[in-house]
Every structure is written in C-alpha cells, then in structure tokens.
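Everything below concerns the one structure shown next.
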Amino acid sequence: MPKESSRREFLKRSAKGAAVGGATAVTVPTAVAENSPATLKTANTTKTNSICPYCAVGCSVVVHTIGDKSRNVKPAIVHIEGDPDSPINRGTLCSKGASLEEFVQSDRRLTTVQHRAAGSREWKRMSWAEAVPKMARFIKDSRDKGFEAEDPQGRTVNRLKNIAMIGGCTDTNEINYLLSKFRFGLGMVAYENQSRL
Amino acid sequence: MTNGWTDVANADVVLVMGGNPAENHPVGFRFVMEAKRLRKAKIVCIDPRFTRTAAVSDLYVPIRSGTDIAFLGGLIHYAVSNNKYQRKYVELNTNASFLIAEGFGFSEGHFSGWKDGKYDKATWQYELDGQGYAKVDPTLEHPRCVFQLMKTHYSRYTPEVVANICGCTAEEFVKAAEMITIAAAADKSGTVLYALGWTHHSFAVQLIHAAAMVQLLMGNIGMPGGGVNAQRGHANIQGSTDMGAWNTLPGYLKIPRANHENLADYLKANTPKALRPNSLNYLGNTPKFMTSLLKAYYGPHATKANDFGYDWLPKVEEGADHSWGTFFDQMHAGKMDGLISFGMNPVANGPNTPKMIRALSKLKWLIVAENFETETAAFWRAKELADKEYPQSLKADDIQTEVFLLPAACFAEKDGAFVNSSRWLQWKEAAVDPPGDARRDQDIISDLFHAVQDLYAKEGGARPEPLMNMQWNYAMPKRPLLGEVAREVNGVDLETGKQLNGFGELKADGSTACGNWVYSGSWTEAGNQMSRRGQGDPTGLGLYPQWAWSWPANRRILYNRASTDSAGKPWDETRAPLRWNGKRWTGDTPDYKADAPPETMAPFIMLPEGVARLFAPDLVEGPFPEHYEPAESPVDNSLHPTVNANPLLRTYNSDMDHFGTAKDFPFVAITYRLTEHFHYWTKHTSSSSELQSNFFVEIPEELAKEKGIANKTLVRVSSARGKIEGPALVTKRLRTLKVSGKKIYQIGLPIHWGFVGKVHGPLINNLTPSAYDPNCGTPEYKGFLVNVEKIG
Amino acid sequence: MIVAKLIDTTLCIGCKACEVACQEWNDQEYTMGTFDGSYQTKPELEANFWNLIKFNEFEKDGATSWLMSKYQCMHCADAGCLAACPAPGAIVPLANGTIDFVHENCIGCGYCITGCPFDVPRLNATTKKAYKCTLCSDRTAVGLEPACIKTCPTNCLNFGERDELLHLAETRAGELKADGFADAGVYNPQGVGGTNVLYVLKHASEPEKYGLPKDPVIPWTVSLWKGPMKWMGTLMFWGTVFGAFFHFVIYGPQDPEKHGHPEDPSDKS
C-alpha cells in the first residue's frame, strides 16, 4: 500500500471531505468539489540549493528539509525537486535526479566505519579513532618502503609508485584539490579518476 | 564541451554520434529538442543501436561499433570533394595552409616513420622558416600543405568504402553527409554531441580529432550551436580532470619527468613557442601558472632560491606511464601495497573484472570512502556472492588484504563546486548532516594527511619534505571549509592578500599563489562567482554569463573569436557571441585579447599555431585519424589488412589478459548505460531499481531466430575474459549489418548491476578486454567480441 | 477553469522522469519487478504506480519506430469510473476537471475498474481501495504543476487551461502535418466526452500503436447501471431541494451567528 503518512492521508481526507457533500448524485453538475486547500509536504520546509550528483548536465535542485537548522533540530530531507531558476534544467529533472531523495536516504547508506581484517570472512565495525591511526600506519610504512628519492642515474625524483589513489569525479573541485595535495605530499604517481574510463 | 548545454538550442544540425543523450543526459537533451521544435534543426543519430535518441531523430544510420573514424573520414572526403566546406573559415582558422616536412605520407596502414614498432615523427613536423615559424601556402595548393595532404589521405574514404566498413548502405551514408554538411554554409551551425561511445575505443583520441576536423571544415568551432561537445558522465568528472590525473597537475600542467631536473628545465620543455608571427600563444604564460601553483602548494617554503619547491613534486621516468591500466597491471603483478579510493569502484568500472578482483587481492591494504558498500570494498566477497561469474576469485580466507570501508557524506551533505560538461562551476550548499558516523570527504582526507604527517614528525622516514612542506593551513586544518579551499584555488596576491580577478594577474616571481589557473576568477574579491544566480542573457544566445561561473575567464564558448571573419564581422548576424565595437570585443568573454582589433593576431590564441589543427603531429599514432579495427574484430581491416588494429594499441601481458577471435566469439558486443540507472550507484536506491530491476542482453531479431532465442530466454554471453548470464531482449532495434560481404550481429549489454545492491546482476566488465588507447589510456569497452548461447 | 495535461508524444524520449516524480511526490512504495522482455517499467499500471511510459517498437516501410508515451488517468469529461462507482463520495470530480479518488469512502468494489475504458484504476490488495493518478490535486491547488509535468525535461508534458492546451495541441499537429506527417493529430476521444489529458500523435489514426484505445466508450454494462443511478440520483437531488424548501418554510432562514460563518473552513467537515 502507499506508505502515505497518516498525517498526509488525514490532510487529504479532511480537504476532500468537504468537497463530497452533494456528490452522491453524480449527474448533478453543480455538485463538484472546489480545489482542495493545500497542505503540501513541502509547505514548511527549509530550502537549500544544490546540484545533482549524477551526470554532468549540472541540474540545480532544491533540497527540502524539515526543521529550521536550530540547535536541537536535526534536519531531514522531505523532498528534492528541480530548481526552476537554473537556465539548464528550469525545474526539470530526469528519472535519476527525480529520485535523489531516495539516494540520500537509502537504507543502504554506510553509517559506520567497516573493517575487514586479513583473511577474514566478515566486516567488523570500527571507530574512526581506531581506523585513522591504522590507515596512517599502513600509508607511512608503504611509503617508507616504496619511496624513490633518487633514480638510478642519481636524479632527484621524489616519487612513490607502490600506493595508488583513485576517485574524485563524484566530489567537488575543492576535494579534488585537497586530494592533489595529499597525493603530491606523498609523491604518488599512480593517481587516476573516472575520466580515464 | 567547447560550447555548452544551453547553446545546443542554437544548432541547425545536431550530430549525435558516440553518445546517447536522450538516455544518459535527458535534461541536456532538452536543448536538442528545443532546436528541433523551435529552429527546425535536423537531428542525425549515428549509432550501432537504435536508441531512445534515435527514436526522436530525423535520420538514424546504424554502424558497426568501432567504425566511427571510417564514417567521419568519409564525411571529410564528402565535404572536400563536393565543395561542402566553409572555405574562408578553413583558410583563416585552421592549419590547412601549413607546410609539412618532405617525406610525410601514409601507406599500407602506417604513416611515414614507422620502424621497429615505433614512429619516428620527423616527417610529421611543420616546415619551419629561419625564425622558427611554420611556412604556409594561403592558396592551399602546395602539395605538401595540410589541406592537400588531408585531401589525399581521405580520398580512400568513398561512400562505398565507408559503407563496407561501417555496415550501413552507401545511400544512408550520403543522406547523413548531406544533412550534416548543411552546416558548411557560413550562416548555419552544426553541433556534435558525443560521449563514451567515442572514448571507449582503442583509437578514441583520433576519433575525437576526426570530429574536430569535420567541425573545422564546417566552420562550426567557436560558433553558437557548434563545437565539439563531450557529454561527460559524472557530476564532477570535468572538475576532477581539471585538477589533474597521473600525468597532469591542476590546470593541465604536465607532470614533471625525471629529465626535468629543475624548474627551468621543466618550463623549457613545457612552455610552447609561437609557431606563427601573429600567434599570441597564450600558453607561453605557463611559467606564471606553474610558479603560482607551487606557491599554493608549498606556501612560504617555496622560494625563488629553492625553485619554489619544484624538487618536492614527483618526477616520472621519461616515457613511463602510470595510467589506470598500467598500475592495475602492476597491482596484479604484486608490485603495489595499497590503494585509496574516493568514490570509485574499479571492480565494477574497470575492464576485465576477474583481473581487477585478483589485483585487489594482492594488496596489503585498501581504503575505500563511499556512500554504499561497493563491489570494490567487497571484492573479497566475490567468491561468496558471485562465484558463478568470477570463478577465478580467491576464497576470503586466502585474501590477505586489509580493507577499510569509510562512510562518506553524499552531495547533499557537503558544499563545494561541481563543474558540468559546459565547464560551468556551480556551487552547492549542504542541506543536512551526514548520517551516523559518516564524514565529509574533506574531513577524511584531512585526518589522513595529518595522521601521516604526525607519524613523520615523530619517527622521520623516507624523504619527509614533500609531505611536511605541503600547505594545509586552513583555519581548521582538520575540518577545512571548502570556501577557504576554493579561495586558495582561485589564487591570491601574496603582497596585498587580495583575491585575484583572473589568471591574467598571475606572476612567475612567486608573488601570486593559485591552486588551479584555469579556475582563477571563480572566487574574487567580489565573492564566490560560482554561486551566482543571475538570469541575464544579453546576447540572447543562452550564454547566461551571470549564472555560476565558467572556466576559463567565464567564457561560455571556447574559440569564440572564430565566430567572425578576419575583419570581425560575425559569420551569422543572428548568432554572434562576439562583436567588435571599434574599441573592445563585446558579448561573451572573448577568446582573444579583449581590446585587440580584429586583424592583430590569429584567432586561436591558446594554440602555438594561432589556428586549429587539422593536422595534429602531437598524437602518437598519426597526425590524421585513420580507421583501425578494434583490438578484437570480426573482420580484417579492408583498408590495409596487414595493419588491422591500432599499430600502437596498448595491451598488457598478464596471465589474465586474453583476447579472442571471431572463430570462437563471432559477435560484436557494446556496453552502455540505460536512462533508468546511473552507473553503479542507483542499484542502491529503490526508485531507480524499480524502473529497471533486471540485467538483460539485447539481441538482434535475426540472430535470435537463428539461435532459437525468444524474448526472455536465458542466454549466456562469453568472451575470452569471462562469461555472464541473463534474459534476452530480442529487438528489431539492432539491425543486422553487412560488412565486407559478411553478416555482422551486434549484442547489447547494459551495465549497472553487480553483486551488491538492492538489485543484482552480472558486472559487464567481466567480458571487456584490457585494450587501451595509446594516447590517453582509455579502455575499449565497446566493439569487442563475444559468443551468445541459449541456455534457457 | 478546466485544466488539462498535454502529452506531445513527438517530444517524449522515454526518460521515465515522470514515472519517478509521480512515485516520489506521492510517497509510493517501490516494488522490484521481474524482467518482462521490454524497456517498460511494468506491463501495466499498478495500485502504487500511477504513471507508466509505454514503449512500442514496430517497423513500417522498412523503417524502425520506437514510440514512447505516458499513460495514466485521462480525467475524462464523462468519466466511466465515476459513472460506475456505487460508493457515495468515493470518486469526486473537482471543479478544475480532475477526477479524484477519496479513499476513505472507497468500498473496494472495483466497479471503477470495469467502468474505465482506459483500464486505469487498480485495486490495492491490502487496503482494498482503488488507486490512480490524482493530477497532484494537492500541488495544483496551490498553483504548482503536477509532479510529472514539472520534471519533464523535453517539453513533452504541458499543464494548463484545457482550451489553451487544446489549441496548442492542434497547432503542433498542424506543424507536424506541414513537416510531412500527414497522419498527425490530437487524441481527445469524444466517446468519453473528451479527456483532460490530451495527446499529440504522429500516427493519430492508429492510437493503438501508442497503447491508447482507438474509440474508448464507457462499457454498456456501466451505461445500463448508470441509467437507474441517474434516475435515483435525480430523485435524491429533488428530494434534497424539497427538503431544504420545507426546512426554510418551517424554520426560516439560517442564522449565521448561530451556525458559524458560512466561509469558516471548520464548518466544512
């Protein structure tokens, strides 16, 4: 059944109930309902401008959240719709863009750090406090092992070939820039993103 | 895109080839439909499959996957031999008049200079005069000028030859050519929309070069409704390209090589010199861009005395390659320790899935920051979850890779800018917090950076300077605000502390810092230009200069100087992005010196030639595109049977790299996206999964009849790499083609499924080969060989 | 004002954005399907899937065509569902022409399904109520377009005053004819008194190719049923009028002070 909330169903019913009055006599032309007074699910939401994360058309979207962002209120997404101001999409979206609410709130979203030990058959939950030092240790040890300060001809090369990093196309320019700093800080040469594929 | 989405509405002809925008960029496609509805534009769709784009096109021509260069070469021949090209434009804006060295030629599948499996490019060079400028013949008559060489090269590409290679009829080709060359008229524009249907070949770069040649001949580059327009497939794939890959630094500056031992060497090798006296050669400013980047990276540690920290950048061996295919091959060979992945899923999206899974199992450690548990994070579960498809996978017990799966924030939980296909940098705001323990990627990367730095501070280790001197000096170093990062990317005057207005203000003396010169101007003293929401459109061409910000310099149409003749008069008065008012260029940001009168310099200021390249000597397998067959092909190359595939095709030799022949795998396979899904993400969401819950195999009606396959029959598709199973979708939309007298069937394989998600299905890359383009290292996901068997 | 949707099938690219926008706005539950050998999301409409793009592939004179068009409640002027419905207040025609279902009054008899010549309403097995497109009456009431219309990227879907859209539809059909599509036309079937969902078709003489019925009429069984209902309904109507008259004669005019302001919405329950 439609998972319409009781609130919404109630609002719809109360709005329409009035309309029904004389509608039993279906052939009486005057006995039709006026448009129902509105209570939209987006009526009292906070609107935030964002950009669709899927393809590179770059459609603007409006994210409707409940709550006013005050201290004890955790905003939750009610609905995401196209932004009519954008000269690109003028409020429209494709099927993927129209489903963004489902994407953000998918029950498959990861909410904890998961760790899989060598040879293990399962994920185990881990805290960030434990994971960050462990990862840093791996990165440092691999770098110490693989770093080439000079090449066989004695030229300074400062490069690292045994760690690769990939990604970025799903994320903002600023994060890509930070990734570039991280990469060059380590000296990594194997660095790629989706544009190669 | 040289132009942009909104500009497509200005086209008179839309050539959709190597892409399927109705399905993969539906909202971008609205401008195609607008051109069709309001301008009566013609839509020509050339595609192996009759797609949803084909369904609304004025002309659809089927071709065999991987034969696009033959088709485009045919267009070049058709245009030149029928005088259907814009002669004046070609004279002014291309290197058609440039003379090429003695001895240049093409025979038996190779360009001149082929020896021992390599090209010596000596004969591919411009003939220079005493001052180092290229010699030209403005009449285009000299037998060694580019125009004549081009004419000769493509004289082989007659409609009949094209039809015989592509599998369409000669009549269909000519019909398409007639429609496309409408745009040769000075007052007509044609656009080219392409995507991965062109880049997923082992001759991808040449293919796009061929398209650029067609567009130059039509006089469409720089024109509204024109251009060569890549429809990019991820929200910020453009931005992440702009920020560098293995071979580039931010802003397309080249990665230093080991022989560039100091900054001067590097700049000497990477700063182009003007090839004509009237060429502005803007990239002559490369020293300013590079020095400013080093200042942004290393801050006060970068001084003139230490070459601005140039030493700390990694130097790649001369001739070495570290692209995707290469480092996964090295990983597979056990030569790598670790992989860090931010939102990428190589098990799903790399070619040859069995090799990908095996490569990851040889790592010591793997870090994956993601929204969902992906196939990459769960690669060690392949045996458990999908043994049938990946029988080569090891059992979890035998995989020693330690995996960290980090919950990352999604788009709505972070601010920052995405760059769309139009090169528009659009800023977004965060609407909600990440769920549970999930963190923003900037926080994850900052934590890792500082944790590793702290270890070096405490313990020392291999050459710490590059890491210790890298600047991360944000107000909250572990929780940087992206606005602060964006301001650093834009660039700042280190003496005044003021944000720069654009890359024109960059200096090579270390007094400016800029994280990416092409983005300079995106966050000025006037604030964040990327979040602008202005609706104005002064030219009426849909350029919207006050909406967001476009790189470079808020220019909406690249090469727009070519939209006018030499005197500055627009080719088409109704479609003029630029006008010379006697003092300045008005309209779009000019791709020209803003106050330089029309005839002061050549129109393509970003190129050392000052004009566009019909002849491109910098490409590795030839200065002109030539038709080569895909790595696996059902037929011999009918142009030169002894040189079948790209002579410089890149493959790898691991025990998991196999290639098949038409004897065992007689059908041509194509992989692609459907409109219902986005890549490998939406199988994690309910609504998209509802639209198409199931994998299927598209099979031509005639082949289905031959094999007794009905709609929904279970079939097995196999290649030299692996096999998959799924129900058949039997369709008229995949036409049987006739190639060199042989019947060719093409099999359609949508991507999108995998072994984790709300819906499951095989990973298509189980079938694809590790065959790569030698220019750019892009894999050949389209036009490989498979067999199809009925099992249900 | 009667409102309408115009579906210009020549501009439909089968992107299914309208399907998802409908699902999302109406908070429908998603169901994973089994492969049925087609690009179509579902073989037909479902109780929790009110907007379906139909895909039809065929060959004519050697040329392949792939027609796509949106299918949903047609909001008929002479609505078969309404005629067939025995439950008071379960199906309501709104003033703007929308045929709306009021689920609290629905008795789940399924007569509306029989009555609909377009095979649109669907019974939900769990709630035992009939469901279909509401034309997003909650959105239209506050001046928003229905969700499907708003999201459509290609201008295939339009929403507005019916007369204007009919004019636009005829103009588009005329343009298509001028472009050489002699059979182009508008689908606005008169067997149901015209519909508030209009189509522009390239092959107007063969609407079946788009999955649309050629000459939809309310089934004769329903027409028969509608006869006695009409008579009964008329009786009830006059009964109400006479009742009100006698009420007035006996008790006099209503006192607004005593009975609340007539425009007070709290009075309308």
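Residues in the structure tokens are numbered from 1 in each chain, the chains being A, B, ... in the order shown, and ligands are numbered from 1 in the order shown.
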
**OP:** Pull the alpha helix (DSSP H) assignments for stretch 224-386 of chain B out of DSSP run on the backbone, and list those residues as a PyMOL selection string.
**Re:** chain B and resi 237-242+263-270+286-298+324-332+346-349+353-360+382-386

**OP:** Report as a PyMOL selection string: the residues of stretch 61-207 of chain C with a DSSP assignment of strand (DSSP E), based on the backbone of this structure.
**Re:** chain C and resi 63-71+91-93+99-101+122-124+129-131+157-161+185-187+197-201

Residues just named, written with N, CA and C atoms as an mmCIF file, in the first residue's frame:
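Below is the file out_0.cif, written as the result:
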data_model
loop_
_atom_site.group_PDB
_atom_site.id
_atom_site.type_symbol
_atom_site.label_atom_id
_atom_site.label_comp_id
_atom_site.auth_asym_id
_atom_site.auth_seq_id
_atom_site.Cartn_x
_atom_site.Cartn_y
_atom_site.Cartn_z
ATOM 1 N N ALA C 63 11.378 1.003 -42.032
ATOM 2 C CA ALA C 63 11.963 1.897 -41.025
ATOM 3 C C ALA C 63 11.475 1.502 -39.631
ATOM 4 N N THR C 64 12.437 1.493 -38.699
ATOM 5 C CA THR C 64 12.095 1.145 -37.330
ATOM 6 C C THR C 64 11.554 2.371 -36.604
ATOM 7 N N SER C 65 10.499 2.171 -35.853
ATOM 8 C CA SER C 65 9.995 3.233 -34.988
ATOM 9 C C SER C 65 9.938 2.711 -33.568
ATOM 10 N N TRP C 66 10.145 3.604 -32.647
ATOM 11 C CA TRP C 66 10.057 3.231 -31.233
ATOM 12 C C TRP C 66 9.229 4.320 -30.583
ATOM 13 N N LEU C 67 7.961 4.021 -30.365
ATOM 14 C CA LEU C 67 7.072 5.044 -29.830
ATOM 15 C C LEU C 67 7.039 4.937 -28.312
ATOM 16 N N MET C 68 7.114 6.086 -27.675
ATOM 17 C CA MET C 68 7.037 6.112 -26.225
ATOM 18 C C MET C 68 5.958 7.099 -25.841
ATOM 19 N N SER C 69 5.118 6.706 -24.908
ATOM 20 C CA SER C 69 4.171 7.702 -24.429
ATOM 21 C C SER C 69 3.689 7.374 -23.044
ATOM 22 N N LYS C 70 3.343 8.435 -22.383
ATOM 23 C CA LYS C 70 2.959 8.386 -20.974
ATOM 24 C C LYS C 70 1.521 7.915 -20.869
ATOM 25 N N TYR C 71 1.265 7.069 -19.907
ATOM 26 C CA TYR C 71 -0.077 6.540 -19.709
ATOM 27 C C TYR C 71 -0.472 6.754 -18.260
ATOM 28 N N ILE C 91 -15.571 8.836 -5.525
ATOM 29 C CA ILE C 91 -14.953 9.441 -6.703
ATOM 30 C C ILE C 91 -15.542 10.830 -6.877
ATOM 31 N N VAL C 92 -14.652 11.801 -6.910
ATOM 32 C CA VAL C 92 -15.104 13.182 -6.887
ATOM 33 C C VAL C 92 -14.568 13.950 -8.075
ATOM 34 N N PRO C 93 -15.441 14.543 -8.854
ATOM 35 C CA PRO C 93 -14.919 15.435 -9.885
ATOM 36 C C PRO C 93 -14.633 16.805 -9.262
ATOM 37 N N ILE C 99 -10.531 14.176 -11.840
ATOM 38 C CA ILE C 99 -11.343 13.132 -11.223
ATOM 39 C C ILE C 99 -10.518 12.564 -10.080
ATOM 40 N N ASP C 100 -10.961 12.824 -8.868
ATOM 41 C CA ASP C 100 -10.157 12.464 -7.703
ATOM 42 C C ASP C 100 -10.803 11.305 -6.952
ATOM 43 N N PHE C 101 -9.974 10.428 -6.418
ATOM 44 C CA PHE C 101 -10.467 9.307 -5.602
ATOM 45 C C PHE C 101 -10.329 9.681 -4.134
ATOM 46 N N ARG C 122 -6.618 0.798 -10.180
ATOM 47 C CA ARG C 122 -6.130 -0.501 -9.711
ATOM 48 C C ARG C 122 -6.491 -0.649 -8.240
ATOM 49 N N LEU C 123 -6.877 -1.870 -7.881
ATOM 50 C CA LEU C 123 -7.244 -2.151 -6.503
ATOM 51 C C LEU C 123 -6.003 -2.590 -5.741
ATOM 52 N N ASN C 124 -5.782 -2.005 -4.589
ATOM 53 C CA ASN C 124 -4.671 -2.426 -3.746
ATOM 54 C C ASN C 124 -5.145 -3.597 -2.884
ATOM 55 N N LYS C 129 -8.685 -0.745 -1.605
ATOM 56 C CA LYS C 129 -9.180 0.512 -2.153
ATOM 57 C C LYS C 129 -8.619 0.670 -3.565
ATOM 58 N N ALA C 130 -9.288 1.472 -4.358
ATOM 59 C CA ALA C 130 -8.836 1.700 -5.719
ATOM 60 C C ALA C 130 -7.945 2.949 -5.777
ATOM 61 N N TYR C 131 -6.905 2.888 -6.619
ATOM 62 C CA TYR C 131 -5.954 3.994 -6.710
ATOM 63 C C TYR C 131 -5.691 4.381 -8.159
ATOM 64 N N LEU C 157 5.568 17.201 -21.828
ATOM 65 C CA LEU C 157 4.408 17.322 -20.947
ATOM 66 C C LEU C 157 4.121 18.785 -20.635
ATOM 67 N N ASN C 158 2.871 19.154 -20.804
ATOM 68 C CA ASN C 158 2.451 20.529 -20.530
ATOM 69 C C ASN C 158 1.219 20.492 -19.649
ATOM 70 N N PHE C 159 1.023 21.563 -18.895
ATOM 71 C CA PHE C 159 -0.122 21.636 -17.991
ATOM 72 C C PHE C 159 -0.689 23.048 -18.066
ATOM 73 N N GLY C 160 -2.012 23.142 -18.075
ATOM 74 C CA GLY C 160 -2.611 24.472 -18.097
ATOM 75 C C GLY C 160 -4.088 24.402 -18.389
ATOM 76 N N GLU C 161 -4.607 25.548 -18.821
ATOM 77 C CA GLU C 161 -6.030 25.620 -19.126
ATOM 78 C C GLU C 161 -6.326 24.751 -20.344
ATOM 79 N N GLY C 185 -2.115 14.197 -35.491
ATOM 80 C CA GLY C 185 -3.378 14.709 -34.982
ATOM 81 C C GLY C 185 -3.421 14.717 -33.468
ATOM 82 N N VAL C 186 -4.587 15.112 -32.944
ATOM 83 C CA VAL C 186 -4.768 15.237 -31.498
ATOM 84 C C VAL C 186 -5.660 14.106 -31.004
ATOM 85 N N TYR C 187 -5.289 13.510 -29.912
ATOM 86 C CA TYR C 187 -6.110 12.461 -29.294
ATOM 87 C C TYR C 187 -6.911 13.093 -28.169
ATOM 88 N N VAL C 197 -6.652 14.823 -20.452
ATOM 89 C CA VAL C 197 -5.280 14.506 -20.847
ATOM 90 C C VAL C 197 -5.313 14.381 -22.363
ATOM 91 N N LEU C 198 -4.610 15.297 -23.021
ATOM 92 C CA LEU C 198 -4.636 15.347 -24.481
ATOM 93 C C LEU C 198 -3.290 14.851 -25.016
ATOM 94 N N TYR C 199 -3.322 14.268 -26.190
ATOM 95 C CA TYR C 199 -2.086 13.774 -26.804
ATOM 96 C C TYR C 199 -1.910 14.374 -28.193
ATOM 97 N N VAL C 200 -0.660 14.647 -28.553
ATOM 98 C CA VAL C 200 -0.329 14.895 -29.959
ATOM 99 C C VAL C 200 0.340 13.625 -30.465
ATOM 100 N N LEU C 201 -0.207 13.059 -31.532
ATOM 101 C CA LEU C 201 0.317 11.798 -32.074
ATOM 102 C C LEU C 201 0.741 12.002 -33.521
#

Subject >> At most 9 Å to chain C: residues in chain B, only C-alpha atoms, as a PyMOL selection string >> reply: chain B and resi 22-24+26-34+37+50-56+675-676+686-696+711-712+727-733+758-759

Subject >> Among the residues B:Lys738, B:Met1, B:Met356, B:Val697, the one that comes closest to B:Ala710 [using only C-alpha atoms] >> reply: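 Checking each candidate against B:Ala710, we get B:Val697 as the closest.
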
**OP:** Determine, counting only C-alpha atoms, which protein, DNA and RNA residues have an atom within 10 Å of an atom of A:Trp123; residues of the same chain fewer than 2 positions away are not included. Present the result as number ranges by chain.
**Re:** A: 113-117, 120-121, 125-126; B: 378, 403-405

**OP:** Just the residues within 12 Å of stretch 148-158 of chain A, please, counting only C-alpha atoms, with nothing from its chain fewer than 2 positions along; format it as a PyMOL selection string.
**Re:** (chain A and resi 142-146+160-162+184-189) or (chain B and resi 255-262+309-318+461-467)

**OP:** Give me the residues within 7 Å of A:Val78 as a count of residues only, counting only C-alpha atoms and dropping any in the same chain fewer than 4 places off.
**Re:** 3

Subject >> Residue nearest chain A among C:Gly143, C:Gly110, C:Gly62, C:Gly211 (counting only C-alpha atoms) >> reply: C:Gly143

Contacts of B:Leu75 within 9 Å, only C-alpha atoms, excl. fewer than 3 positions in-chain, as a PDB file with C-alpha atoms, in the first residue's frame:
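For reference, selection.pdb as written:
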ATOM      1  CA  ALA B  70      35.683   5.485 -41.214  1.00  0.00           C
ATOM      2  CA  PHE B  71      32.362   7.341 -41.116  1.00  0.00           C
ATOM      3  CA  LEU B  72      33.921  10.677 -40.155  1.00  0.00           C
ATOM      4  CA  TYR B  78      32.496  14.061 -48.939  1.00  0.00           C
ATOM      5  CA  ALA B  79      32.853  17.677 -47.757  1.00  0.00           C
ATOM      6  CA  VAL B  80      36.139  18.344 -49.526  1.00  0.00           C
ATOM      7  CA  TYR B 157      37.072   7.059 -47.815  1.00  0.00           C
ATOM      8  CA  THR B 158      34.394   6.976 -50.525  1.00  0.00           C
ATOM      9  CA  PRO B 159      30.754   6.320 -49.566  1.00  0.00           C
ATOM     10  CA  PHE B 173      25.900   7.473 -45.539  1.00  0.00           C
ATOM     11  CA  VAL B 174      25.303  10.041 -48.285  1.00  0.00           C
ATOM     12  CA  ALA B 176      23.666  11.656 -43.457  1.00  0.00           C
ATOM     13  CA  ALA B 177      26.513  13.539 -45.127  1.00  0.00           C
ATOM     14  CA  ILE B 180      25.422  17.209 -41.681  1.00  0.00           C
ATOM     15  CA  THR B 181      27.062  19.433 -44.312  1.00  0.00           C
ATOM     16  CA  VAL B 214      34.705  17.815 -39.551  1.00  0.00           C
TER      17      VAL B 214
END
